[in-house]
Amino acid sequence: MVQEQRKRGMIGKAMTTELIQLLHDKKDEEAFKKAGKIIKKGGLVAFPTETVYGLGGDALNPDSSRKIYEAKGRPSDNPLIVHIADTQKLAEIAEKVPETAWRLAEAFWPGPLTMILPKKKIVPFETTGGLPTVAIREPGHRAALSFIRAAGGFIAAPSANLSGSPSPTTALHVMRDLEGRIDMILDDGTCAVGLESTIVDLSEDRPMILRPGGITKEALKDVIPDIVLDPGLMSENEEQRPKAPGMKYRHYAPKAELFIIRGSEEKVIEKINSLTERDLKEGKKPAVLCVEETKEAYHAPCVLSVGSRLEGEEVARRLYSVLREFDRQGVDRIYSEGFSEEGIYLAVSNRLLKAAGHKEIHIP
Ligand code: AMP
Ligand code: MG
């Protein structure tokens with residue numbers, strides 16, 4: 001079908017993207033119905049979740065998955081997450097659901113946790129990027145769950161951004177990236193978590209965190225004490241690649257070059273100020289990513305705070321929209337303060353490190 005459309009010149013051409021504001025009243029039912037119809041016909045709908053906005057298509061329809069890759073410009077070896085609205089549906093698309101999976105679902109679903117399990121035949125390889133496993137999540141967001149149910153129960157969705165750019169946390173971000181490329185956007189305001197889900201691989205002997213996210217490693221350990229973190233995740237060693245295909249790309253990144261500066265607060269401020277002064281002399285526009293507590297200390301022409309260092313959840317929620325704001329302001333270089341790896345900050349640090357392409361400066 002995609003090839004046929006390409007022959008007819010339909011793909012790549014702008015289509016009209018309908019933006020529907022959800023109102024949290026009876027009217028929303030109509031919106032979900034309309035969105036559901038689009039999905040059943042093989043179309044694409046961007047929808048809100050508690051993590052980031054997703055770009056949804058019918059997970060069981062290979063043509064829909066192909067269209068998702070096409071709309072995002074995403075490499076097709078990077079698998080999609082299948083979103084469900086009823087926990088029991090897990091067993092309809094995953095083979096051999098281990099007891100651990102049910103325990104995790106009980107503890108964290110609906111919520112920002114994705115599980116990798118061996119796939120059943122009905123899940124096409126187009127959805128799993130050719131892998132024999134499938135990623136599954138039940139999002140903790142009422143509108144998302146209603147939309148998924150209206151659309152048949154299995155929605156394949158990556159984040160609703162152009163491949164490589166920061167994930168969208170508002171409908172406006174989605175509009176800027178995908179207008180004219182998808183059929184509809186359901187708008188339900190700003191995402192509460194703001195970073196992608198935690199991915200846990202249960203398809204091998206030992207449960208492993210492939211991507212840190214909204215559910216912390218500490219919380220997971222309470223349920224599965226022997227869970228481990230993919231050693232490839234924070235490593236810059238080329239030989240030790242992350243296991244989730246999507247984690248190997250330079251990702252979540254603004255257009256400007258990003259550097260992370262680590263060290264004591266005082267030294268970091270001093271270093272960043274001297275770097276931005278040098279850039280200004282060279283005619284460049286430098287910028288600083290920092291926290292509320294230090295933002296007055298910087299002299300760069302563009303200084304953006306992600307929130308108070310004491311409020312990790314807020315920092316996570318704001319990170320991507322701050323990265324996008326740097327793009328809007330057309331800066332050339334961004335110097336970011338570093339963050340810890342505890343709790344939600346593990347996910348924040350991981351995304352920043354990816355966005356920076358591992359460019360870190362350590363001040364002794
Ligand atoms: P996104 O939805 O854009 O956040 O991307 C989905 C993420 O899930 C990517 O990093 C994928 O590589 C990862 N993923 C999806 N399915 C699998 C799978 N079967 N095995 C490993 N990683 C997966
Ligand atoms: Mg993504």
# chains A, B, ... in the order shown; residues from 1 in each chain; ligands from 1
>>> select_by_dssp(residues="region 133-234 of chain A", states="alpha helix (DSSP H)", output="list in words")
Arg142, Ala143, Ala144, Leu145, Ser146, Phe147, Ile148, Arg149, Ala150, Ala171, Leu172, His173, Val174, Met175, Arg176, Asp177, Leu178, Lys217, Glu218, Ala219, Leu220, Lys221, Asp222 and Val223 of chain A
>>> residues_around(residues="Val322 (chain A)", least_positions_apart="3", cutoff="7 Å", atoms="only C-alpha atoms", output="PyMOL selection string")
chain A and resi 304+306+318-319+325-326
>>> write_last_selection(atoms="N, CA, C and O atoms", output="compact mmCIF listing (two decimals), in the first residue's frame")
# COMPACT_ATOMS: atom_id res chain seq x y z
N LEU A 304 18.85 29.34 30.29
CA LEU A 304 17.54 28.74 30.57
C LEU A 304 17.65 27.75 31.73
O LEU A 304 18.53 26.89 31.75
N VAL A 306 16.03 24.67 34.06
CA VAL A 306 15.09 23.55 33.96
C VAL A 306 14.31 23.37 35.26
O VAL A 306 13.55 22.41 35.39
N ARG A 318 10.55 19.49 32.34
CA ARG A 318 10.86 20.68 31.54
C ARG A 318 12.02 20.49 30.58
O ARG A 318 12.21 21.31 29.68
N LEU A 319 12.80 19.42 30.74
CA LEU A 319 14.04 19.28 29.98
C LEU A 319 13.85 19.44 28.47
O LEU A 319 14.52 20.25 27.83
N GLU A 325 13.60 25.09 23.15
CA GLU A 325 13.66 26.55 23.21
C GLU A 325 15.03 27.07 22.74
O GLU A 325 15.12 28.10 22.07
N PHE A 326 16.09 26.33 23.05
CA PHE A 326 17.42 26.72 22.56
C PHE A 326 17.41 26.77 21.02
O PHE A 326 17.95 27.68 20.42
>>> closest_atom_pairs(of="chain A", to="ligand 2", cutoff="8 Å", atoms="only C-alpha atoms and all ligand atoms", output="Markdown table")
| residue | atom | partner | partner_atom_place_in_ligand_line | distance |
| --- | --- | --- | --- | --- |
| A:Pro158 | CA | ligand 2 | 1 (Mg) | 5.5 |
| A:Ser159 | CA | ligand 2 | 1 (Mg) | 4.3 |
| A:Ala160 | CA | ligand 2 | 1 (Mg) | 7.3 |
| A:Asn161 | CA | ligand 2 | 1 (Mg) | 7.0 |
| A:Ser163 | CA | ligand 2 | 1 (Mg) | 7.0 |
| A:Gly164 | CA | ligand 2 | 1 (Mg) | 7.7 |
| A:Pro166 | CA | ligand 2 | 1 (Mg) | 7.7 |
| A:Ser167 | CA | ligand 2 | 1 (Mg) | 5.9 |
| A:Glu196 | CA | ligand 2 | 1 (Mg) | 7.5 |
| A:Gly246 | CA | ligand 2 | 1 (Mg) | 7.5 |
| A:His251 | CA | ligand 2 | 1 (Mg) | 7.9 |
| A:Tyr252 | CA | ligand 2 | 1 (Mg) | 7.3 |
>>> closest_atom_pairs(of="region 130-234 of chain A", to="region 54-65 of chain A", cutoff="10 Å", atoms="only C-alpha atoms", output="Markdown table")
| residue | atom | partner | partner_atom | distance |
| --- | --- | --- | --- | --- |
| A:Ala144 | CA | A:Gly54 | CA | 9.3 |
| A:Phe147 | CA | A:Gly56 | CA | 9.8 |
| A:Ile148 | CA | A:Gly56 | CA | 9.0 |
| A:Ala151 | CA | A:Asp58 | CA | 7.6 |
| A:Gly152 | CA | A:Asp58 | CA | 8.0 |
| A:Gly153 | CA | A:Asp58 | CA | 8.7 |
| A:Phe154 | CA | A:Ala59 | CA | 5.4 |
| A:Ile155 | CA | A:Ala59 | CA | 4.9 |
| A:Ala156 | CA | A:Ala59 | CA | 4.3 |
| A:Ala157 | CA | A:Gly56 | CA | 4.5 |
| A:Pro158 | CA | A:Gly54 | CA | 5.6 |
| A:Ser159 | CA | A:Gly54 | CA | 4.4 |
| A:Ala160 | CA | A:Leu55 | CA | 4.4 |
| A:Asn161 | CA | A:Leu55 | CA | 8.0 |
| A:Ser167 | CA | A:Gly54 | CA | 9.0 |
| A:Pro168 | CA | A:Gly54 | CA | 8.3 |
| A:Thr169 | CA | A:Gly54 | CA | 9.5 |
| A:Val174 | CA | A:Leu55 | CA | 9.0 |
| A:Leu178 | CA | A:Leu55 | CA | 9.4 |
| A:Ile182 | CA | A:Leu55 | CA | 8.6 |
| A:Met184 | CA | A:Leu55 | CA | 9.7 |
| A:Ile185 | CA | A:Leu55 | CA | 8.7 |
| A:Glu196 | CA | A:Gly54 | CA | 9.9 |
>>> residues_near_ligand(ligand="ligand 1", cutoff="6 Å", atoms="only C-alpha atoms and all ligand atoms", output="list in words")
Asn78, Pro79, Leu80, Ile81, Ile116, Thr128, Leu131, Thr133, Val134, Ala135, Ala157, Pro158, Ser159, Glu196, Ala244, Pro245, Gly246 and Met247 of chain A
>>> residues_around(residues="region 332-349 of chain A", least_positions_apart="4", cutoff="9 Å", atoms="only C-alpha atoms", output="PyMOL selection string")
chain A and resi 195-196+198+211-219+234+255-263+265+268-269+272+275-276+279+284-291+309+312-313+315-316+319+326-327+353-354+360
>>> select_by_dssp(residues="region 207-339 of chain A", states="strand (DSSP E or B)", output="list in words")
Met208, Ile209, Leu210, Arg211, Val228, Leu229, Glu257, Leu258, Phe259, Ile260, Ile261, Arg262, Pro286, Ala287, Val288, Leu289, Cys290, Cys302, Val303, Leu304, Ser305, Arg333, Ile334, Tyr335, Ser336 and Glu337 of chain A
>>> atom_distance(atom1="CA of Ile38 (chain A)", atom2="CA of Ala150 (chain A)")
10.3 Å
>>> atom_distance(atom1="CA of Gly129 (chain A)", atom2="CA of Gly36 (chain A)")
23.9 Å
>>> atom_distance(atom1="CA of Met115 (chain A)", atom2="CA of Ala101 (chain A)")
7.4 Å
